[in-house]
file final12.cif (mmCIF, C-alpha atoms)
data_work
#
loop_
_atom_site.label_atom_id
_atom_site.label_comp_id
_atom_site.auth_asym_id
_atom_site.auth_seq_id
_atom_site.Cartn_x
_atom_site.Cartn_y
_atom_site.Cartn_z
CA MET A 16 0.00 0.00 0.00
CA SER A 17 1.44 3.35 -0.99
CA PHE A 18 1.78 6.17 1.52
CA ASN A 19 -0.91 8.29 -0.14
CA LYS A 20 -3.48 5.53 -0.13
CA PHE A 21 -2.94 5.09 3.61
CA PHE A 22 -4.72 8.40 4.31
CA TYR A 23 -7.87 7.10 2.67
CA THR A 24 -8.07 3.79 4.51
CA ARG A 25 -10.96 3.34 6.87
CA GLY A 26 -8.64 2.91 9.82
CA PHE A 27 -6.89 6.24 9.30
CA ARG A 28 -10.14 8.10 8.68
CA THR A 29 -11.64 6.67 11.86
CA PHE A 30 -8.57 7.78 13.78
CA SER A 31 -8.39 11.31 12.39
CA LYS A 32 -12.10 11.84 12.89
CA GLY A 33 -11.74 11.24 16.61
CA PHE A 34 -8.35 12.86 16.84
CA PHE A 35 -9.07 16.19 15.19
CA LYS A 36 -12.27 16.65 13.20
CA GLU A 37 -14.55 15.65 16.03
CA ASN A 38 -12.34 16.56 18.95
CA THR A 39 -14.05 15.14 22.02
CA VAL A 40 -13.75 18.26 24.15
CA CYS A 41 -14.43 20.93 21.54
CA CYS A 42 -16.93 19.44 19.15
CA GLN A 43 -18.72 16.69 20.98
CA LEU A 44 -18.51 18.57 24.31
CA LEU A 45 -17.93 15.32 26.15
CA GLY A 46 -15.92 14.72 29.29
CA LEU A 47 -15.96 18.34 30.30
CA CYS A 48 -16.12 17.77 34.06
CA SER A 49 -12.75 16.13 34.24
CA ALA A 50 -11.32 18.35 31.50
CA LEU A 51 -12.06 21.35 33.72
CA ALA A 52 -11.33 19.83 37.09
CA VAL A 53 -8.00 18.08 36.63
CA SER A 54 -6.36 20.50 34.20
CA ASN A 55 -4.75 22.62 36.93
CA LYS A 56 -1.38 20.85 36.59
CA VAL A 57 0.21 19.14 33.60
CA GLU A 58 1.03 15.96 35.52
CA ASN A 59 -2.60 15.62 36.65
CA GLY A 60 -3.88 16.21 33.13
CA LEU A 61 -1.48 13.67 31.67
CA ALA A 62 -2.30 11.04 34.30
CA MET A 63 -6.01 11.55 33.74
CA GLY A 64 -5.56 11.37 29.96
CA ILE A 65 -3.63 8.11 30.15
CA GLY A 66 -6.25 6.67 32.52
CA VAL A 67 -9.03 7.61 30.11
CA ILE A 68 -7.16 6.13 27.11
CA PHE A 69 -6.63 2.87 29.01
CA VAL A 70 -10.28 2.55 30.06
CA LEU A 71 -11.55 3.66 26.64
CA VAL A 72 -9.39 1.22 24.65
CA PHE A 73 -10.07 -1.80 26.81
CA SER A 74 -13.79 -1.18 27.23
CA SER A 75 -14.09 -0.69 23.45
CA LEU A 76 -12.22 -3.93 22.92
CA ILE A 77 -14.42 -5.90 25.32
CA ILE A 78 -17.72 -4.38 24.21
CA SER A 79 -16.90 -4.66 20.54
CA ALA A 80 -15.94 -8.32 20.99
CA LEU A 81 -19.14 -9.01 22.91
CA ARG A 82 -21.36 -6.87 20.71
CA LYS A 83 -23.35 -9.81 19.33
CA SER A 84 -24.17 -11.23 22.76
CA ILE A 85 -25.10 -8.02 24.60
CA SER A 86 -28.85 -7.69 24.76
CA PRO A 87 -29.92 -4.20 23.64
CA ARG A 88 -32.18 -3.83 26.66
CA TYR A 89 -29.43 -4.26 29.19
CA ARG A 90 -26.59 -2.72 27.25
CA ILE A 91 -26.19 0.42 29.40
CA ILE A 92 -25.78 -1.54 32.62
CA THR A 93 -23.38 -3.92 30.85
CA TYR A 94 -21.22 -0.96 29.75
CA MET A 95 -21.34 0.41 33.28
CA ILE A 96 -20.10 -2.83 34.85
CA ILE A 97 -17.27 -3.26 32.33
CA ILE A 98 -16.19 0.38 32.60
CA SER A 99 -16.26 0.51 36.39
CA THR A 100 -14.22 -2.68 36.66
CA LEU A 101 -11.56 -1.13 34.42
CA VAL A 102 -11.64 2.10 36.44
CA ILE A 103 -10.99 0.12 39.63
CA PHE A 104 -7.81 -1.20 37.95
CA VAL A 105 -6.66 2.34 37.11
CA ASP A 106 -7.44 3.61 40.59
CA GLN A 107 -5.59 0.78 42.34
CA TYR A 108 -2.60 1.15 39.99
CA LEU A 109 -2.32 4.90 40.66
CA LYS A 110 -2.69 4.32 44.41
CA ALA A 111 0.09 1.74 44.37
CA PHE A 112 2.64 3.37 42.07
CA PHE A 113 1.87 7.12 42.02
CA PRO A 114 0.38 7.92 45.44
CA PRO A 115 0.88 11.74 45.21
CA ILE A 116 -0.96 11.97 41.86
CA SER A 117 -3.68 9.65 43.12
CA LYS A 118 -4.15 11.92 46.14
CA GLN A 119 -4.39 15.07 44.01
CA LEU A 120 -6.85 13.54 41.57
CA GLY A 121 -8.95 12.21 44.45
CA PRO A 122 -12.45 11.22 43.42
CA TYR A 123 -11.89 12.33 39.81
CA VAL A 124 -10.25 8.99 38.95
CA ALA A 125 -13.44 7.17 39.94
CA LEU A 126 -15.42 9.70 37.95
CA ILE A 127 -13.93 8.27 34.74
CA ILE A 128 -16.89 5.86 35.09
CA THR A 129 -19.36 8.64 34.33
CA ASN A 130 -17.08 10.38 31.83
CA CYS A 131 -19.39 10.73 28.86
CA ILE A 132 -16.58 10.12 26.33
CA ILE A 133 -16.34 6.47 27.30
CA MET A 134 -20.07 5.78 27.37
CA GLY A 135 -20.50 7.86 24.20
CA ARG A 136 -17.93 5.93 22.17
CA GLN A 137 -19.33 2.56 23.26
CA GLU A 138 -22.84 3.55 22.26
CA ALA A 139 -21.89 5.38 19.07
CA PHE A 140 -19.11 3.17 17.77
CA ALA A 141 -17.90 0.06 19.61
CA VAL A 142 -21.25 -1.68 19.79
CA LYS A 143 -21.68 -1.50 16.00
CA ASN A 144 -18.17 -2.05 14.64
CA ARG A 145 -15.36 -4.59 14.41
CA VAL A 146 -12.78 -4.86 17.18
CA THR A 147 -9.88 -3.35 15.19
CA TYR A 148 -11.79 -0.21 14.18
CA SER A 149 -13.22 0.15 17.68
CA ILE A 150 -9.71 0.20 19.13
CA ILE A 151 -8.54 2.74 16.54
CA ASP A 152 -11.57 4.92 17.28
CA ALA A 153 -10.94 4.65 21.02
CA LEU A 154 -7.28 5.66 20.53
CA GLY A 155 -8.20 8.65 18.38
CA ASN A 156 -10.76 9.95 20.84
CA GLY A 157 -8.61 9.22 23.88
CA LEU A 158 -5.60 11.03 22.39
CA SER A 159 -7.65 14.06 21.38
CA TYR A 160 -8.97 14.26 24.94
CA THR A 161 -5.43 13.96 26.31
CA TYR A 162 -3.90 16.68 24.12
CA SER A 163 -6.75 19.06 24.95
CA LEU A 164 -6.25 18.40 28.64
CA VAL A 165 -2.47 18.79 28.52
CA PHE A 166 -2.76 22.00 26.47
CA ILE A 167 -5.19 23.64 28.91
CA ALA A 168 -3.24 22.31 31.89
CA SER A 169 0.06 23.76 30.65
CA ILE A 170 -1.40 27.27 30.33
CA ARG A 171 -3.09 27.01 33.72
CA GLU A 172 0.00 25.66 35.45
CA ILE A 173 2.30 28.31 33.98
CA LEU A 174 -0.03 31.17 34.90
CA ALA A 175 -1.09 29.89 38.31
CA PHE A 176 2.09 28.35 39.69
CA GLY A 177 4.81 29.66 37.35
CA THR A 178 5.89 26.09 36.67
CA PHE A 179 5.65 23.55 33.88
CA PHE A 180 5.70 19.88 34.90
CA ASN A 181 6.81 21.13 38.34
CA ILE A 182 9.88 22.87 36.81
CA GLN A 183 10.12 26.63 37.41
CA VAL A 184 9.76 28.42 34.06
CA MET A 185 8.69 31.94 35.00
CA PRO A 186 11.15 34.52 36.45
CA ALA A 187 11.27 34.86 40.24
CA GLY A 188 9.26 38.10 40.46
CA PHE A 189 6.33 36.67 38.50
CA ASP A 190 2.89 37.53 39.93
CA LYS A 191 1.01 34.26 40.21
CA LEU A 192 -2.56 34.33 38.91
CA VAL A 193 -4.06 32.10 41.57
CA VAL A 194 -7.52 32.34 40.01
CA MET A 195 -6.24 30.23 37.10
CA ALA A 196 -5.83 27.25 39.43
CA MET A 197 -9.44 27.57 40.55
CA ALA A 198 -12.76 27.02 38.84
CA PRO A 199 -13.27 30.41 37.09
CA GLY A 200 -9.89 30.20 35.35
CA ALA A 201 -10.79 26.76 34.06
CA PHE A 202 -14.09 27.97 32.60
CA PHE A 203 -12.55 31.02 30.89
CA LEU A 204 -9.66 29.07 29.41
CA LEU A 205 -11.83 26.24 28.15
CA SER A 206 -14.21 28.67 26.46
CA LEU A 207 -11.24 30.38 24.78
CA TYR A 208 -9.86 26.99 23.70
CA ILE A 209 -13.21 25.96 22.21
CA TRP A 210 -13.48 29.31 20.44
CA ILE A 211 -10.01 29.14 18.89
CA PHE A 212 -10.43 25.48 17.96
CA ARG A 213 -13.76 26.12 16.27
CA ILE A 214 -12.36 29.01 14.24
CA GLY A 215 -9.30 26.91 13.33
CA ALA A 216 -11.36 23.91 12.30
CA LYS A 217 -13.92 26.14 10.49
CA LEU A 218 -16.84 24.49 12.20
CA GLN A 219 -20.43 25.52 11.73
CA PRO A 220 -21.59 27.66 14.65
CA GLU A 221 -24.17 26.16 16.98
CA LYS A 222 -27.65 27.16 16.00
CA GLU A 223 -29.22 28.17 19.27
CA ASP A 224 -28.48 31.46 21.11
CA MET B 1 -13.84 17.71 64.23
CA VAL B 2 -17.39 16.57 63.48
CA LEU B 3 -19.12 19.13 61.31
CA HIS B 4 -22.72 20.00 61.96
CA PRO B 5 -25.01 18.74 59.16
CA LEU B 6 -26.34 22.27 58.61
CA THR B 7 -22.81 23.61 58.16
CA ILE B 8 -22.29 20.99 55.48
CA PHE B 9 -25.60 21.92 53.87
CA VAL B 10 -24.65 25.62 53.61
CA ALA B 11 -21.17 24.73 52.38
CA ALA B 12 -22.52 22.45 49.66
CA LEU B 13 -24.93 25.17 48.61
CA PHE B 14 -22.65 28.22 48.55
CA THR B 15 -18.97 27.93 49.39
CA HIS B 16 -18.31 24.53 47.85
CA ASN B 17 -20.98 24.42 45.19
CA ILE B 18 -20.67 21.18 43.28
CA VAL B 19 -20.66 22.85 39.84
CA LEU B 20 -18.89 26.10 40.57
CA THR B 21 -16.12 24.76 42.81
CA TYR B 22 -15.75 21.09 41.94
CA LEU B 23 -16.73 21.51 38.27
CA LEU B 24 -18.94 18.45 38.27
CA GLY B 25 -22.03 17.66 36.23
CA MET B 26 -20.98 19.89 33.33
CA CYS B 27 -22.31 17.81 30.44
CA PRO B 28 -26.02 18.00 31.35
CA PHE B 29 -25.35 21.49 32.66
CA LEU B 30 -24.46 22.74 29.17
CA ALA B 31 -27.15 20.73 27.42
CA MET B 32 -30.09 21.52 29.70
CA SER B 33 -29.50 25.19 30.49
CA ARG B 34 -31.18 26.70 27.45
CA GLN B 35 -34.52 27.40 29.10
CA LEU B 36 -35.35 28.17 32.70
CA GLY B 37 -38.27 25.71 32.88
CA THR B 38 -36.22 22.74 31.67
CA ALA B 39 -33.34 23.72 33.91
CA VAL B 40 -35.51 23.76 37.04
CA GLY B 41 -37.12 20.42 36.10
CA MET B 42 -33.71 18.83 35.61
CA GLY B 43 -32.49 20.33 38.88
CA ILE B 44 -35.37 18.86 40.86
CA ALA B 45 -34.86 15.43 39.26
CA VAL B 46 -31.14 15.53 40.09
CA THR B 47 -31.78 16.58 43.70
CA PHE B 48 -34.26 13.75 44.16
CA VAL B 49 -31.94 11.09 42.76
CA LEU B 50 -28.96 12.52 44.67
CA VAL B 51 -30.66 12.21 48.05
CA ILE B 52 -31.98 8.68 47.43
CA THR B 53 -28.74 7.28 46.03
CA GLY B 54 -26.60 9.13 48.59
CA VAL B 55 -28.50 7.52 51.46
CA ILE B 56 -28.65 4.03 49.91
CA ASN B 57 -24.96 4.09 49.05
CA TRP B 58 -24.07 5.27 52.57
CA LEU B 59 -26.09 2.43 54.09
CA LEU B 60 -24.51 -0.14 51.77
CA LEU B 61 -21.00 1.17 52.42
CA HIS B 62 -21.35 1.06 56.19
CA LEU B 63 -23.53 -2.01 56.60
CA VAL B 64 -22.17 -4.30 53.86
CA LEU B 65 -18.94 -3.17 52.24
CA ILE B 66 -16.88 -2.06 55.26
CA PRO B 67 -17.85 -5.00 57.57
CA THR B 68 -16.96 -7.49 54.84
CA GLY B 69 -13.72 -5.65 53.94
CA SER B 70 -14.67 -5.21 50.29
CA GLU B 71 -14.33 -1.43 49.88
CA ILE B 72 -12.50 -2.10 46.60
CA MET B 73 -15.90 -2.92 45.10
CA ALA B 74 -17.33 0.45 46.15
CA TYR B 75 -17.30 2.08 42.68
CA LEU B 76 -19.01 -0.88 41.08
CA VAL B 77 -21.69 -1.04 43.77
CA PHE B 78 -22.30 2.73 43.68
CA ILE B 79 -22.81 2.88 39.93
CA ILE B 80 -25.09 -0.15 39.86
CA ILE B 81 -27.22 1.36 42.65
CA ILE B 82 -27.43 4.68 40.79
CA ALA B 83 -28.41 3.02 37.52
CA SER B 84 -31.05 0.85 39.20
CA VAL B 85 -32.54 3.68 41.29
CA VAL B 86 -32.91 5.78 38.15
CA GLN B 87 -34.51 2.89 36.28
CA LEU B 88 -36.87 2.19 39.19
CA LEU B 89 -37.92 5.84 39.50
CA GLU B 90 -38.60 5.93 35.79
CA MET B 91 -40.90 2.89 36.08
CA ILE B 92 -42.69 4.27 39.16
CA ILE B 93 -43.33 7.63 37.51
CA GLU B 94 -44.54 6.03 34.32
CA LYS B 95 -46.94 3.76 36.21
CA PHE B 96 -48.29 5.92 39.02
CA PHE B 97 -47.66 9.56 38.10
CA PRO B 98 -48.15 9.81 34.34
CA ARG B 99 -48.68 13.55 34.68
CA LEU B 100 -45.13 14.02 35.96
CA GLN B 101 -43.75 12.05 33.01
CA SER B 102 -43.48 15.00 30.63
CA SER B 103 -42.01 17.47 33.11
CA PHE B 104 -39.81 15.23 35.22
CA GLY B 105 -39.55 11.72 33.76
CA ILE B 106 -37.78 12.73 30.57
CA PHE B 107 -34.73 13.91 32.52
CA LEU B 108 -34.25 10.71 34.44
CA PRO B 109 -32.31 8.61 31.89
CA LEU B 110 -29.76 11.43 31.61
CA ILE B 111 -29.04 11.31 35.31
CA THR B 112 -27.23 7.95 35.31
CA VAL B 113 -24.29 9.55 33.55
CA ASN B 114 -24.45 12.80 35.51
CA CYS B 115 -21.19 12.82 37.43
CA THR B 116 -22.70 14.80 40.32
CA VAL B 117 -24.60 11.75 41.53
CA LEU B 118 -21.59 9.45 41.63
CA ALA B 119 -19.38 12.24 42.99
CA VAL B 120 -21.63 12.82 46.01
CA SER B 121 -21.42 9.14 46.95
CA LEU B 122 -17.65 9.23 46.50
CA PHE B 123 -17.17 12.40 48.55
CA VAL B 124 -19.29 10.90 51.32
CA ALA B 125 -17.11 7.77 51.38
CA LEU B 126 -13.88 9.79 51.16
CA ARG B 127 -14.73 12.27 53.94
CA GLU B 128 -16.28 9.62 56.21
CA TYR B 129 -19.53 11.48 56.81
CA ASN B 130 -22.12 10.05 59.19
CA PHE B 131 -25.74 9.46 58.20
CA TRP B 132 -27.16 12.96 58.85
CA GLN B 133 -24.15 14.64 57.32
CA THR B 134 -24.65 12.48 54.21
CA LEU B 135 -28.32 13.40 53.97
CA PHE B 136 -27.69 17.14 54.25
CA PHE B 137 -24.66 17.04 51.97
CA ALA B 138 -26.70 15.30 49.25
CA LEU B 139 -29.59 17.73 49.68
CA GLY B 140 -27.28 20.77 49.66
CA SER B 141 -25.40 19.56 46.58
CA GLY B 142 -28.64 18.93 44.71
CA ILE B 143 -30.11 22.32 45.56
CA GLY B 144 -26.76 23.96 44.80
CA TRP B 145 -26.76 22.35 41.36
CA THR B 146 -30.35 23.49 40.77
CA VAL B 147 -29.56 27.07 41.82
CA ALA B 148 -26.51 27.23 39.56
CA ILE B 149 -28.27 25.77 36.49
CA SER B 150 -31.30 28.03 37.00
CA ILE B 151 -29.18 31.20 37.17
CA VAL B 152 -27.24 30.20 34.07
CA ALA B 153 -30.43 29.27 32.19
CA ALA B 154 -32.01 32.63 33.02
CA ILE B 155 -28.91 34.48 31.79
CA ARG B 156 -28.76 32.36 28.62
CA GLU B 157 -32.39 33.19 27.80
CA LYS B 158 -31.49 36.89 27.91
CA VAL B 159 -28.25 36.37 25.98
CA ALA B 160 -30.19 34.59 23.23
CA LEU B 161 -32.55 37.55 22.94
CA ILE B 162 -30.29 40.57 22.88
CA SER B 163 -26.60 39.83 22.40
CA ASP B 164 -24.44 39.43 19.33
CA VAL B 165 -22.09 36.57 20.22
CA PRO B 166 -19.19 35.75 17.85
CA SER B 167 -20.06 32.63 15.86
CA GLY B 168 -17.30 30.37 17.24
CA LEU B 169 -18.25 31.22 20.81
CA ARG B 170 -21.95 30.48 20.43
CA GLY B 171 -23.54 27.73 22.48
CA ALA B 172 -20.97 26.04 24.69
CA GLY B 173 -18.36 28.80 24.61
CA ILE B 174 -20.51 31.66 25.86
CA THR B 175 -22.16 29.40 28.45
CA MET B 176 -18.73 28.57 29.79
CA VAL B 177 -17.96 32.30 30.11
CA ILE B 178 -21.25 32.85 31.98
CA VAL B 179 -20.50 29.95 34.34
CA GLY B 180 -16.98 31.33 34.86
CA ILE B 181 -18.32 34.73 35.94
CA LEU B 182 -20.85 33.01 38.19
CA ALA B 183 -18.03 30.94 39.73
CA LEU B 184 -16.12 34.17 40.42
CA ALA B 185 -19.20 35.60 42.12
CA PHE B 186 -19.65 32.48 44.24
CA MET B 187 -16.02 32.73 45.35
CA GLY B 188 -17.21 35.73 47.34
CA PHE B 189 -19.06 33.34 49.62
CA SER B 190 -15.84 31.58 50.59
CA GLY B 191 -15.44 33.83 53.63
CA MET B 192 -18.52 32.18 55.13
CA GLY B 193 -16.57 29.15 56.26
CA ASN B 194 -14.13 26.58 55.04
CA VAL B 195 -15.29 23.00 54.94
CA GLN B 196 -13.14 20.49 53.15
#
call {"tool": "encode", "arguments": {"input": "final12.cif", "output": "structure tokens"}}
result
Amino acid sequence: MSFNKFFYTRGFRTFSKGFFKENTVCCQLLGLCSALAVSNKVENGLAMGIGVIFVLVFSSLIISALRKSISPRYRIITYMIIISTLVIFVDQYLKAFFPPISKQLGPYVALIITNCIIMGRQEAFAVKNRVTYSIIDALGNGLSYTYSLVFIASIREILAFGTFFNIQVMPAGFDKLVVMAMAPGAFFLLSLYIWIFRIGAKLQPEKED
Amino acid sequence: MVLHPLTIFVAALFTHNIVLTYLLGMCPFLAMSRQLGTAVGMGIAVTFVLVITGVINWLLLHLVLIPTGSEIMAYLVFIIIIASVVQLLEMIIEKFFPRLQSSFGIFLPLITVNCTVLAVSLFVALREYNFWQTLFFALGSGIGWTVAISIVAAIREKVALISDVPSGLRGAGITMVIVGILALAFMGFSGMGNVQ
């Protein structure tokens, strides 16, 4: 297969759709709670992103493999059980190997269960498609969530703490904008990010208000 | 220090509002805050489910999970309880209160994936609240969520009427700005007391 043809394969299109065209945070507006809450430091954002990718990929794999035997009536509760089991893995792993990050993230790790990205991808994609494409779709969406989170977190961390990945980057006399570490800063930055992304991607504006 | 349940109630309502401080329940918050009527209906449904699941999850945690040493299962148990309570409420409303169906019942399926509900159960487990503290915390969080979504919905109705919002910022973007300003305003309450 030539390099050019690769861009038109179904696998690549599935990936790029999740990765850029339908960015989970900006276009589908999914997973906003955690995108706002854990983006105060880059390490938290990255840990959360990796956790979401792990849960998303494995739940897509399991649900896609089981898609013929899941009864449509009970599918939501089936997703819930699979997802929460995977989240328990992530939570226990973080507790064992990265206790400081686990402490900072607190209940937000467990809230991956109700993160709409995961439920949304199972319902919209994994339950209808083959395992390989489901995994590619999960990776695309998970990575787009992670880069959004890390991008917002780096701005917030630099402005609020003067550091990047816990390394001092701003000069010593820098006035820290503490509000950036708190809720209002998160809302303002995320709205700016959505605005810039939507202009950049030339998306249709939302119809209402 | 054992906090008084009423202190927790006020804290959950104002100083540590679940949306404006902990940034939880944003997805339905953005989707349902277009009209004041819908927003209030959703808020009442969330409050109702929050109190019921908060109490059931507290009972299960203290009577079953902790005595048997299986706290590791807590997340799984919590989410199953939430999903089944929502399903049960839906069936009860459909059967016995068909009039409520159109104003209240349509919001119920959305609540299973509302992170506020799971978060309240998790906070209760994490902070080791007792029964009355749990009840008032759940009630305060629910009412706090309702207050926040109602204020935002009222502002959005006005914004839709009179303002000229740039096209990329329409919908989610401008709502986020409104919520941000509201969060700034609610930070003014933080002098009332600090409850973590």
call {"tool": "residues_around", "arguments": {"input": "final12.cif", "residues": "Asn114 (chain B)", "least_positions_apart": "6", "cutoff": "12 Å", "atoms": "only C-alpha atoms", "output": "PyMOL selection string"}}
result
(chain A and resi 45-48+126-131+134) or (chain B and resi 19+23-32+42-43+45-47+49-50+79+82-83+86+107-108+120+142+145)
call {"tool": "write_last_selection", "arguments": {"input": "final12.cif", "atoms": "C-alpha atoms", "output": "CSV table (one decimal), in the frame of the given file"}}
result
chain,number,residue,atom,x,y,z
A,45,LEU,CA,-17.9,15.3,26.2
A,46,GLY,CA,-15.9,14.7,29.3
A,47,LEU,CA,-16.0,18.3,30.3
A,48,CYS,CA,-16.1,17.8,34.1
A,126,LEU,CA,-15.4,9.7,38.0
A,127,ILE,CA,-13.9,8.3,34.7
A,128,ILE,CA,-16.9,5.9,35.1
A,129,THR,CA,-19.4,8.6,34.3
A,130,ASN,CA,-17.1,10.4,31.8
A,131,CYS,CA,-19.4,10.7,28.9
A,134,MET,CA,-20.1,5.8,27.4
B,19,VAL,CA,-20.7,22.8,39.8
B,23,LEU,CA,-16.7,21.5,38.3
B,24,LEU,CA,-18.9,18.4,38.3
B,25,GLY,CA,-22.0,17.7,36.2
B,26,MET,CA,-21.0,19.9,33.3
B,27,CYS,CA,-22.3,17.8,30.4
B,28,PRO,CA,-26.0,18.0,31.4
B,29,PHE,CA,-25.4,21.5,32.7
B,30,LEU,CA,-24.5,22.7,29.2
B,31,ALA,CA,-27.2,20.7,27.4
B,32,MET,CA,-30.1,21.5,29.7
B,42,MET,CA,-33.7,18.8,35.6
B,43,GLY,CA,-32.5,20.3,38.9
B,45,ALA,CA,-34.9,15.4,39.3
B,46,VAL,CA,-31.1,15.5,40.1
B,47,THR,CA,-31.8,16.6,43.7
B,49,VAL,CA,-31.9,11.1,42.8
B,50,LEU,CA,-29.0,12.5,44.7
B,79,ILE,CA,-22.8,2.9,39.9
B,82,ILE,CA,-27.4,4.7,40.8
B,83,ALA,CA,-28.4,3.0,37.5
B,86,VAL,CA,-32.9,5.8,38.2
B,107,PHE,CA,-34.7,13.9,32.5
B,108,LEU,CA,-34.2,10.7,34.4
B,120,VAL,CA,-21.6,12.8,46.0
B,142,GLY,CA,-28.6,18.9,44.7
B,145,TRP,CA,-26.8,22.4,41.4
call {"tool": "resolve_selection", "arguments": {"input": "final12.cif", "expression": "the PyMOL selection byres ((chain A) within 8 of (chain B))", "output": "NGL selection string"}}
result
:A and (44-49 or 51-52 or 92 or 95-96 or 99-100 or 103 or 122 or 125-126 or 129-131 or 197-203 or 205-207 or 209-211 or 213-214 or 218-224)
call {"tool": "resolve_selection", "arguments": {"input": "final12.cif", "expression": "the PyMOL selection byres ((chain B and resi 139) around 9)", "output": "PDB file with C-alpha atoms, in the coordinates of the input"}}
result
ATOM      1  CA  PHE B   9     -25.600  21.920  53.870  1.00  0.00           C
ATOM      2  CA  ALA B  12     -22.520  22.450  49.660  1.00  0.00           C
ATOM      3  CA  LEU B  13     -24.930  25.170  48.610  1.00  0.00           C
ATOM      4  CA  THR B  47     -31.780  16.580  43.700  1.00  0.00           C
ATOM      5  CA  PHE B  48     -34.260  13.750  44.160  1.00  0.00           C
ATOM      6  CA  LEU B  50     -28.960  12.520  44.670  1.00  0.00           C
ATOM      7  CA  VAL B  51     -30.660  12.210  48.050  1.00  0.00           C
ATOM      8  CA  THR B 134     -24.650  12.480  54.210  1.00  0.00           C
ATOM      9  CA  LEU B 135     -28.320  13.400  53.970  1.00  0.00           C
ATOM     10  CA  PHE B 136     -27.690  17.140  54.250  1.00  0.00           C
ATOM     11  CA  PHE B 137     -24.660  17.040  51.970  1.00  0.00           C
ATOM     12  CA  ALA B 138     -26.700  15.300  49.250  1.00  0.00           C
ATOM     13  CA  GLY B 140     -27.280  20.770  49.660  1.00  0.00           C
ATOM     14  CA  SER B 141     -25.400  19.560  46.580  1.00  0.00           C
ATOM     15  CA  GLY B 142     -28.640  18.930  44.710  1.00  0.00           C
ATOM     16  CA  ILE B 143     -30.110  22.320  45.560  1.00  0.00           C
ATOM     17  CA  GLY B 144     -26.760  23.960  44.800  1.00  0.00           C
TER      18      GLY B 144
END
call {"tool": "atom_distance", "arguments": {"input": "final12.cif", "atom1": "CA of Gly191 (chain B)", "atom2": "CA of Met195 (chain A)"}}
result
19.3 Å
call {"tool": "atom_distance", "arguments": {"input": "final12.cif", "atom1": "CA of Gln43 (chain A)", "atom2": "CA of Arg136 (chain A)"}}
result
10.9 Å
call {"tool": "atom_distance", "arguments": {"input": "final12.cif", "atom1": "CA of Leu59 (chain B)", "atom2": "CA of Val2 (chain B)"}}
result
19.1 Å
call {"tool": "residues_around", "arguments": {"input": "final12.cif", "residues": "Gly60 (chain A)", "least_positions_apart": "3", "cutoff": "7 Å", "atoms": "all atoms listed in the file", "output": "MDAnalysis selection string"}}
result
chainID A and resid 53:54 56:57 63:64 164:165 168
call {"tool": "resolve_selection", "arguments": {"input": "final12.cif", "expression": "the PyMOL selection byres ((chain A and resi 69) around 12)", "output": "count of residues only"}}
result
31
call {"tool": "residues_around", "arguments": {"input": "final12.cif", "residues": "region 19-28 of chain A", "least_positions_apart": "4", "cutoff": "8 Å", "atoms": "only C-alpha atoms", "output": "number ranges by chain"}}
result
A: 32, 148, 151
